[in-house]
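K.L.:
Next up, query_16.cif (mmCIF, C-alpha atoms and all ligand atoms).
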```cif
data_target
#
loop_
_atom_site.label_atom_id
_atom_site.label_comp_id
_atom_site.auth_asym_id
_atom_site.auth_seq_id
_atom_site.Cartn_x
_atom_site.Cartn_y
_atom_site.Cartn_z
CA MET A 1 154.19 129.22 134.78
CA LYS A 2 152.77 130.93 131.73
CA THR A 3 150.49 133.03 133.91
CA VAL A 4 153.36 134.07 136.11
CA ARG A 5 155.19 135.24 133.04
CA ILE A 6 152.17 137.21 131.87
CA PHE A 7 152.02 138.88 135.25
CA ALA A 8 155.68 139.63 135.10
CA LEU A 9 155.09 141.12 131.69
CA LEU A 10 152.23 143.28 132.92
CA ALA A 11 154.40 144.53 135.75
CA ILE A 12 157.22 145.59 133.48
CA LEU A 13 155.16 146.97 130.60
CA PRO A 14 155.95 150.59 131.46
CA LEU A 15 159.64 149.70 131.54
CA LEU A 16 159.37 147.91 128.20
CA ALA A 17 157.65 150.92 126.71
CA SER A 18 160.35 153.22 127.98
CA ILE A 19 163.19 151.32 126.40
CA GLY A 20 161.42 150.62 123.15
CA GLY A 21 161.59 147.26 121.47
CA LEU A 22 165.04 146.32 122.69
CA LEU A 23 163.79 143.62 125.02
CA MET A 24 161.26 142.27 122.56
CA ILE A 25 163.69 139.93 120.87
CA SER A 26 165.51 138.88 124.01
CA ASN A 27 162.78 136.76 125.55
CA ALA A 28 160.14 135.04 123.45
CA ASP A 29 157.86 134.76 126.48
CA GLU A 30 157.53 138.52 126.57
CA VAL A 31 156.80 139.06 122.90
CA GLN A 32 153.45 140.64 122.20
CA TRP A 33 151.58 138.62 119.59
CA GLY A 34 147.97 138.56 118.58
CA TYR A 35 145.58 138.02 115.72
CA GLU A 36 145.33 141.33 113.94
CA ASP A 37 147.43 144.19 112.64
CA ASP A 38 150.75 144.57 114.47
CA GLY A 39 151.83 141.26 115.91
CA GLY A 40 149.28 139.30 113.87
CA PRO A 41 149.80 135.84 112.32
CA SER A 42 151.54 137.14 109.19
CA GLN A 43 154.19 138.71 111.45
CA TRP A 44 154.60 135.98 114.07
CA ALA A 45 157.74 134.56 112.43
CA GLU A 46 159.47 137.94 112.66
CA LEU A 47 158.60 138.73 116.27
CA ALA A 48 161.29 136.52 117.83
CA PRO A 49 163.99 134.09 116.66
CA GLU A 50 162.11 131.30 118.44
CA PHE A 51 159.06 131.95 116.23
CA VAL A 52 160.77 131.44 112.85
CA ILE A 53 159.04 128.12 112.23
CA CYS A 54 155.68 129.96 112.23
CA GLY A 55 156.74 131.17 108.79
CA GLU A 56 159.11 128.51 107.53
CA GLY A 57 157.49 125.35 108.89
CA LYS A 58 156.12 122.70 106.55
CA ALA A 59 153.95 120.97 109.16
CA GLN A 60 151.89 123.85 110.50
CA SER A 61 148.36 124.01 111.90
CA PRO A 62 145.44 124.55 111.54
CA ILE A 63 144.41 123.03 108.20
CA ASP A 64 141.25 122.65 106.19
CA ILE A 65 139.82 119.15 106.68
CA ARG A 66 139.06 117.68 103.26
CA ASP A 67 139.95 114.63 101.16
CA ALA A 68 140.97 112.66 104.23
CA VAL A 69 142.09 109.07 103.61
CA GLU A 70 139.67 106.63 105.24
CA THR A 71 141.53 104.00 107.24
CA ALA A 72 141.35 101.82 110.34
CA LEU A 73 143.03 103.50 113.31
CA VAL A 74 143.24 102.73 117.02
CA ASP A 75 140.79 104.25 119.48
CA ILE A 76 141.69 107.37 121.41
CA GLU A 77 141.34 106.07 124.97
CA PHE A 78 140.02 108.86 127.17
CA HIS A 79 140.65 108.68 130.91
CA TYR A 80 139.14 111.97 132.00
CA GLY A 81 138.19 112.80 135.56
CA VAL A 82 136.06 115.42 137.23
CA THR A 83 138.06 118.50 137.88
CA ALA A 84 137.45 121.71 139.76
CA ASN A 85 140.22 123.84 138.52
CA ASN A 86 141.66 127.18 137.68
CA ILE A 87 140.36 129.20 134.78
CA VAL A 88 142.33 132.06 133.30
CA ASN A 89 141.91 134.79 130.73
CA ASN A 90 145.51 134.81 129.47
CA GLY A 91 145.16 137.50 126.83
CA HIS A 92 144.95 135.01 123.98
CA THR A 93 142.09 132.75 125.07
CA ILE A 94 140.11 131.43 128.02
CA GLN A 95 142.00 128.44 129.42
CA VAL A 96 141.22 125.87 132.10
CA ASP A 97 144.25 124.22 133.71
CA ALA A 98 143.70 120.53 134.40
CA ASP A 99 144.32 118.75 137.67
CA ALA A 100 146.82 115.90 137.44
CA GLY A 101 145.31 112.58 136.53
CA SER A 102 143.28 113.06 133.38
CA HIS A 103 144.99 111.57 130.36
CA ILE A 104 144.55 109.82 127.04
CA ILE A 105 146.28 106.74 125.72
CA TYR A 106 146.96 106.79 121.99
CA ASN A 107 148.98 104.20 120.10
CA GLY A 108 150.31 102.92 123.41
CA ILE A 109 151.54 106.32 124.56
CA THR A 110 150.12 108.04 127.64
CA TYR A 111 149.54 111.76 127.25
CA ASP A 112 148.60 113.81 130.32
CA LEU A 113 145.93 116.49 129.98
CA LEU A 114 147.56 119.84 130.75
CA GLN A 115 144.85 122.33 129.88
CA PHE A 116 142.04 123.10 127.50
CA HIS A 117 141.08 126.35 125.79
CA PHE A 118 138.92 127.83 123.07
CA HIS A 119 139.10 129.54 119.70
CA ALA A 120 136.39 131.52 117.91
CA PRO A 121 135.76 130.94 115.10
CA SER A 122 137.14 127.40 114.81
CA GLU A 123 140.72 127.10 113.60
CA HIS A 124 140.24 123.87 111.68
CA THR A 125 137.62 124.05 108.96
CA VAL A 126 135.70 121.27 107.24
CA ALA A 127 135.62 121.66 103.45
CA GLY A 128 136.25 125.35 103.96
CA GLU A 129 133.54 125.87 106.58
CA ALA A 130 134.46 127.18 110.02
CA ALA A 131 132.40 126.33 113.11
CA PRO A 132 131.53 129.09 115.61
CA MET A 133 134.11 127.76 118.08
CA GLU A 134 136.70 125.01 118.65
CA ILE A 135 137.98 123.55 121.90
CA HIS A 136 141.53 122.18 122.20
CA PHE A 137 142.44 119.64 124.87
CA VAL A 138 146.24 119.82 125.14
CA HIS A 139 148.03 116.65 126.30
CA LYS A 140 151.74 115.96 126.75
CA ASP A 141 153.61 112.69 126.38
CA ARG A 142 154.97 111.74 129.81
CA ASN A 143 158.29 110.71 128.25
CA SER A 144 158.91 113.40 125.64
CA ASN A 145 157.92 116.89 124.64
CA ASN A 146 155.46 115.61 122.06
CA LEU A 147 151.90 116.81 122.38
CA ALA A 148 148.56 115.29 121.40
CA VAL A 149 145.81 117.85 121.00
CA VAL A 150 142.21 116.71 120.79
CA GLY A 151 140.07 119.23 118.91
CA VAL A 152 136.28 119.42 118.90
CA LEU A 153 134.20 121.79 116.79
CA LEU A 154 131.52 123.63 118.76
CA ASN A 155 128.33 124.41 116.86
CA GLU A 156 125.24 126.35 117.85
CA GLY A 157 122.34 124.35 119.26
CA ASP A 158 118.97 125.16 120.76
CA VAL A 159 119.66 124.50 124.42
CA GLU A 160 122.28 125.39 126.99
CA ASN A 161 125.06 122.80 127.20
CA GLU A 162 125.15 122.01 130.92
CA ALA A 163 128.57 120.34 130.76
CA TYR A 164 130.09 123.57 129.45
CA ALA A 165 128.12 125.83 131.80
CA PRO A 166 130.68 125.75 134.67
CA ILE A 167 133.29 127.04 132.22
CA ILE A 168 131.23 129.58 130.30
CA ASP A 169 129.69 130.92 133.51
CA ASN A 170 133.09 131.46 135.16
CA MET A 171 135.14 133.06 132.37
CA PRO A 172 137.17 135.98 133.76
CA ALA A 173 136.45 139.12 131.77
CA GLU A 174 139.80 140.63 132.70
CA ILE A 175 143.21 139.36 131.67
CA GLY A 176 145.14 138.23 134.71
CA ALA A 177 145.52 135.69 137.45
CA PRO A 178 143.71 132.34 137.38
CA ASP A 179 140.40 132.10 139.22
CA ALA A 180 138.97 128.99 140.79
CA VAL A 181 136.20 127.55 138.64
CA GLY A 182 134.26 126.83 141.81
CA GLU A 183 132.26 124.01 140.26
CA ASP A 184 133.18 120.51 139.12
CA ILE A 185 133.75 120.02 135.41
CA ALA A 186 133.07 116.49 134.19
CA LEU A 187 135.70 116.51 131.46
CA GLY A 188 134.38 113.49 129.57
CA GLU A 189 131.04 115.22 129.13
CA LEU A 190 132.71 118.00 127.17
CA LEU A 191 133.33 115.46 124.38
CA PRO A 192 130.89 114.13 121.79
CA GLU A 193 129.71 110.54 122.22
CA SER A 194 130.96 109.50 118.79
CA ARG A 195 134.73 109.05 118.72
CA GLY A 196 135.56 108.89 115.02
CA TYR A 197 138.41 111.26 114.28
CA PHE A 198 140.72 112.91 111.78
CA THR A 199 144.44 112.89 112.47
CA TYR A 200 147.56 114.54 111.08
CA GLN A 201 150.96 115.67 112.35
CA GLY A 202 151.10 119.42 112.91
CA SER A 203 152.00 122.29 115.16
CA LEU A 204 150.89 124.61 117.90
CA THR A 205 148.53 127.18 116.36
CA THR A 206 150.11 129.94 118.46
CA PRO A 207 153.74 131.09 118.68
CA PRO A 208 156.23 129.45 118.78
CA CYS A 209 154.27 127.16 116.36
CA SER A 210 156.35 124.12 117.42
CA GLU A 211 155.84 121.13 115.14
CA VAL A 212 155.32 118.62 117.94
CA VAL A 213 151.57 118.03 117.80
CA ARG A 214 149.67 114.86 116.91
CA TRP A 215 146.30 116.39 116.06
CA LEU A 216 143.24 114.30 116.88
CA LEU A 217 140.13 116.08 115.62
CA LEU A 218 136.91 114.37 116.64
CA ASP A 219 134.53 114.19 113.67
CA ALA A 220 131.36 114.87 115.67
CA PRO A 221 130.69 118.40 116.90
CA VAL A 222 129.30 119.44 120.27
CA ALA A 223 126.52 122.05 120.51
CA LEU A 224 126.50 125.09 122.76
CA SER A 225 123.61 127.54 122.99
CA ALA A 226 123.75 130.82 121.08
CA LYS A 227 124.02 132.57 124.43
CA GLN A 228 127.02 130.47 125.48
CA ILE A 229 128.80 131.11 122.20
CA ALA A 230 128.06 134.83 122.44
CA ALA A 231 129.48 134.91 125.98
CA TYR A 232 132.81 133.56 124.77
CA ARG A 233 132.86 135.70 121.64
CA ALA A 234 132.27 138.79 123.75
CA LEU A 235 135.76 138.11 125.15
CA TYR A 236 137.50 136.54 122.15
CA ASP A 237 136.19 136.88 118.63
CA GLY A 238 138.85 136.17 116.04
CA ASN A 239 141.50 134.22 118.00
CA ALA A 240 141.96 131.77 115.14
CA ARG A 241 145.15 131.38 113.12
CA PRO A 242 144.63 131.35 109.32
CA LEU A 243 144.68 127.98 107.55
CA GLN A 244 148.04 126.42 106.74
CA SER A 245 148.87 124.16 103.80
CA LEU A 246 148.67 120.40 104.38
CA GLY A 247 151.56 119.95 101.96
CA ALA A 248 152.96 116.42 101.85
CA ARG A 249 151.38 115.34 105.11
CA ASP A 250 148.83 112.54 105.51
CA LEU A 251 145.35 113.43 106.69
CA LEU A 252 143.61 110.29 107.90
CA HIS A 253 140.07 109.61 109.07
CA THR A 254 138.65 106.71 110.98
CA SER A 255 134.92 106.17 111.59
CA ARG A 256 133.27 104.85 114.74
ZN ZN B 1 144.28 126.06 120.56
#
```
Could you spell out this file's structure in C-alpha cells?
P.N.:
Amino acid sequence: MKTVRIFALLAILPLLASIGGLLMISNADEVQWGYEDDGGPSQWAELAPEFVICGEGKAQSPIDIRDAVETALVDIEFHYGVTANNIVNNGHTIQVDADAGSHIIYNGITYDLLQFHFHAPSEHTVAGEAAPMEIHFVHKDRNSNNLAVVGVLLNEGDVENEAYAPIIDNMPAEIGAPDAVGEDIALGELLPESRGYFTYQGSLTTPPCSEVVRWLLLDAPVALSAKQIAAYRALYDGNARPLQSLGARDLLHTSR
C-alpha cells in the first residue's frame, strides 16, 4: 500500500513541482519528510494537519533509556516463522514486509508482525549513548489499531551476523518497488537470546507520529559486523528522530 503510494508520488512529482506546494497539505501520504533541513523532524508538525501531534504530543518516541523502574512483567511471547519476503528501499529506510503468520502475544493480546526496518544511528539511546543501528519489528493488534514495536539495538561485533546476511545482502540501493529477498530469513534468529526488556507507551518515530505504540525494547543488543553496518549506513546514515521527553510516562524494565 505504502509502496504503491510512493510510486504514485514518484509518477506525479513533475506535476507536483509544476503546481507548487498546493497539493502538499491535501494528502499526508504525499508529503515529503526527511531527517535534515527542509522537511526535517523540527518541521514535521507543520508539513500536514495529520502530523500536528509530532509537535504537540506528550507521548512521543524515541526516548533516552535511563532510570527505568525495575518490575516483574510478563514475557513477550515470540511466534516468529521463517519468511522469504519482499524488501524495499522506501526512501526513509530499508524495510522487509512480513508474510502473514508471525506474531507476538503480549499481555494476552496477539499482535501480527507487519514489517521490520532499520535506523542508523539507533533512535533509542541508553544513558545518552546511541548504538550504530536499531531494528524495529512493527506488530499490529488484530482487534484494534494499536501497535507493539519490538526494538533491538545493533552493535558492532567481530564477525558477520549470518541471520542478518539475507537482509543486508539484498538491500535495494535505489528507492522503488519491493524486491524479493530470495533467501529465507529466520526471524527469531534476528533477536537476542536474552528477553529482558524496557517498555513504555509512545509513538511512531516517523510522521504522523501516532501515539499508538507499546514499545518493547529488548535489553540485550545484537552484533553485526562493521561491514554489515557500513552497508546499511551507505544507504541510510542519519534516519533517526531526535530524542523526545519521557514526561509523565512510566519507563519499566524487567530482567530475564
Ligand atoms: Zn522505526
K.L.:
With distances taken over only C-alpha atoms, which residue among A:Gly247, A:Pro221, A:Gly188, A:Pro172 lies nearest Ile87 (chain A)?
P.N.:
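Selected residue with least distance to Ile87 (chain A): A:Pro172.
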K.L.:
What lies within 10 Å of region 115-120 of chain A using only C-alpha atoms, ignoring chain neighbours under 3 positions off, as a PDB file with C-alpha atoms, in the frame of the given file?
P.N.:
```pdb
ATOM      1  CA  ASN A  85     140.220 123.840 138.520  1.00  0.00           C
ATOM      2  CA  ASN A  86     141.660 127.180 137.680  1.00  0.00           C
ATOM      3  CA  ILE A  87     140.360 129.200 134.780  1.00  0.00           C
ATOM      4  CA  VAL A  88     142.330 132.060 133.300  1.00  0.00           C
ATOM      5  CA  ASN A  89     141.910 134.790 130.730  1.00  0.00           C
ATOM      6  CA  HIS A  92     144.950 135.010 123.980  1.00  0.00           C
ATOM      7  CA  THR A  93     142.090 132.750 125.070  1.00  0.00           C
ATOM      8  CA  ILE A  94     140.110 131.430 128.020  1.00  0.00           C
ATOM      9  CA  GLN A  95     142.000 128.440 129.420  1.00  0.00           C
ATOM     10  CA  VAL A  96     141.220 125.870 132.100  1.00  0.00           C
ATOM     11  CA  ASP A  97     144.250 124.220 133.710  1.00  0.00           C
ATOM     12  CA  ALA A  98     143.700 120.530 134.400  1.00  0.00           C
ATOM     13  CA  ASP A  99     144.320 118.750 137.670  1.00  0.00           C
ATOM     14  CA  ASP A 112     148.600 113.810 130.320  1.00  0.00           C
ATOM     15  CA  GLU A 123     140.720 127.100 113.600  1.00  0.00           C
ATOM     16  CA  HIS A 124     140.240 123.870 111.680  1.00  0.00           C
ATOM     17  CA  ALA A 130     134.460 127.180 110.020  1.00  0.00           C
ATOM     18  CA  ALA A 131     132.400 126.330 113.110  1.00  0.00           C
ATOM     19  CA  PRO A 132     131.530 129.090 115.610  1.00  0.00           C
ATOM     20  CA  MET A 133     134.110 127.760 118.080  1.00  0.00           C
ATOM     21  CA  GLU A 134     136.700 125.010 118.650  1.00  0.00           C
ATOM     22  CA  ILE A 135     137.980 123.550 121.900  1.00  0.00           C
ATOM     23  CA  HIS A 136     141.530 122.180 122.200  1.00  0.00           C
ATOM     24  CA  PHE A 137     142.440 119.640 124.870  1.00  0.00           C
ATOM     25  CA  VAL A 138     146.240 119.820 125.140  1.00  0.00           C
ATOM     26  CA  HIS A 139     148.030 116.650 126.300  1.00  0.00           C
ATOM     27  CA  LYS A 140     151.740 115.960 126.750  1.00  0.00           C
ATOM     28  CA  VAL A 149     145.810 117.850 121.000  1.00  0.00           C
ATOM     29  CA  VAL A 150     142.210 116.710 120.790  1.00  0.00           C
ATOM     30  CA  GLY A 151     140.070 119.230 118.910  1.00  0.00           C
ATOM     31  CA  VAL A 152     136.280 119.420 118.900  1.00  0.00           C
ATOM     32  CA  LEU A 153     134.200 121.790 116.790  1.00  0.00           C
ATOM     33  CA  LEU A 154     131.520 123.630 118.760  1.00  0.00           C
ATOM     34  CA  LEU A 187     135.700 116.510 131.460  1.00  0.00           C
ATOM     35  CA  ILE A 229     128.800 131.110 122.200  1.00  0.00           C
ATOM     36  CA  TYR A 232     132.810 133.560 124.770  1.00  0.00           C
ATOM     37  CA  ARG A 233     132.860 135.700 121.640  1.00  0.00           C
ATOM     38  CA  LEU A 235     135.760 138.110 125.150  1.00  0.00           C
ATOM     39  CA  TYR A 236     137.500 136.540 122.150  1.00  0.00           C
ATOM     40  CA  ASP A 237     136.190 136.880 118.630  1.00  0.00           C
ATOM     41  CA  GLY A 238     138.850 136.170 116.040  1.00  0.00           C
ATOM     42  CA  ASN A 239     141.500 134.220 118.000  1.00  0.00           C
ATOM     43  CA  ALA A 240     141.960 131.770 115.140  1.00  0.00           C
ATOM     44  CA  ARG A 241     145.150 131.380 113.120  1.00  0.00           C
TER      45      ARG A 241
END
```
K.L.:
Rank A:Gln43, A:Thr199, A:Gln60, A:Gln228 by their smallest atom-to-atom distance to Ser255 (chain A), using only C-alpha atoms, and report the top residue only.
P.N.:
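Result for the nearest residue to Ser255 (chain A): A:Thr199.
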K.L.:
May I ask which of the residues A:Val212, A:Val82, A:Leu252, A:Leu217 is the closest one to Ala186 (chain A), counting all atoms listed in the file?
P.N.:
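Checking each of A:Val212, A:Val82, A:Leu252, A:Leu217 against Ala186 (chain A), counting all atoms listed in the file, the winner is A:Val82.
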K.L.:
Calculate how many Å separate CA of Val74 (chain A) from CA of Asn143 (chain A), rounding to one decimal.
P.N.:
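If I compute the distance from CA of Val74 (chain A) to CA of Asn143 (chain A), I get 20.4 Å.
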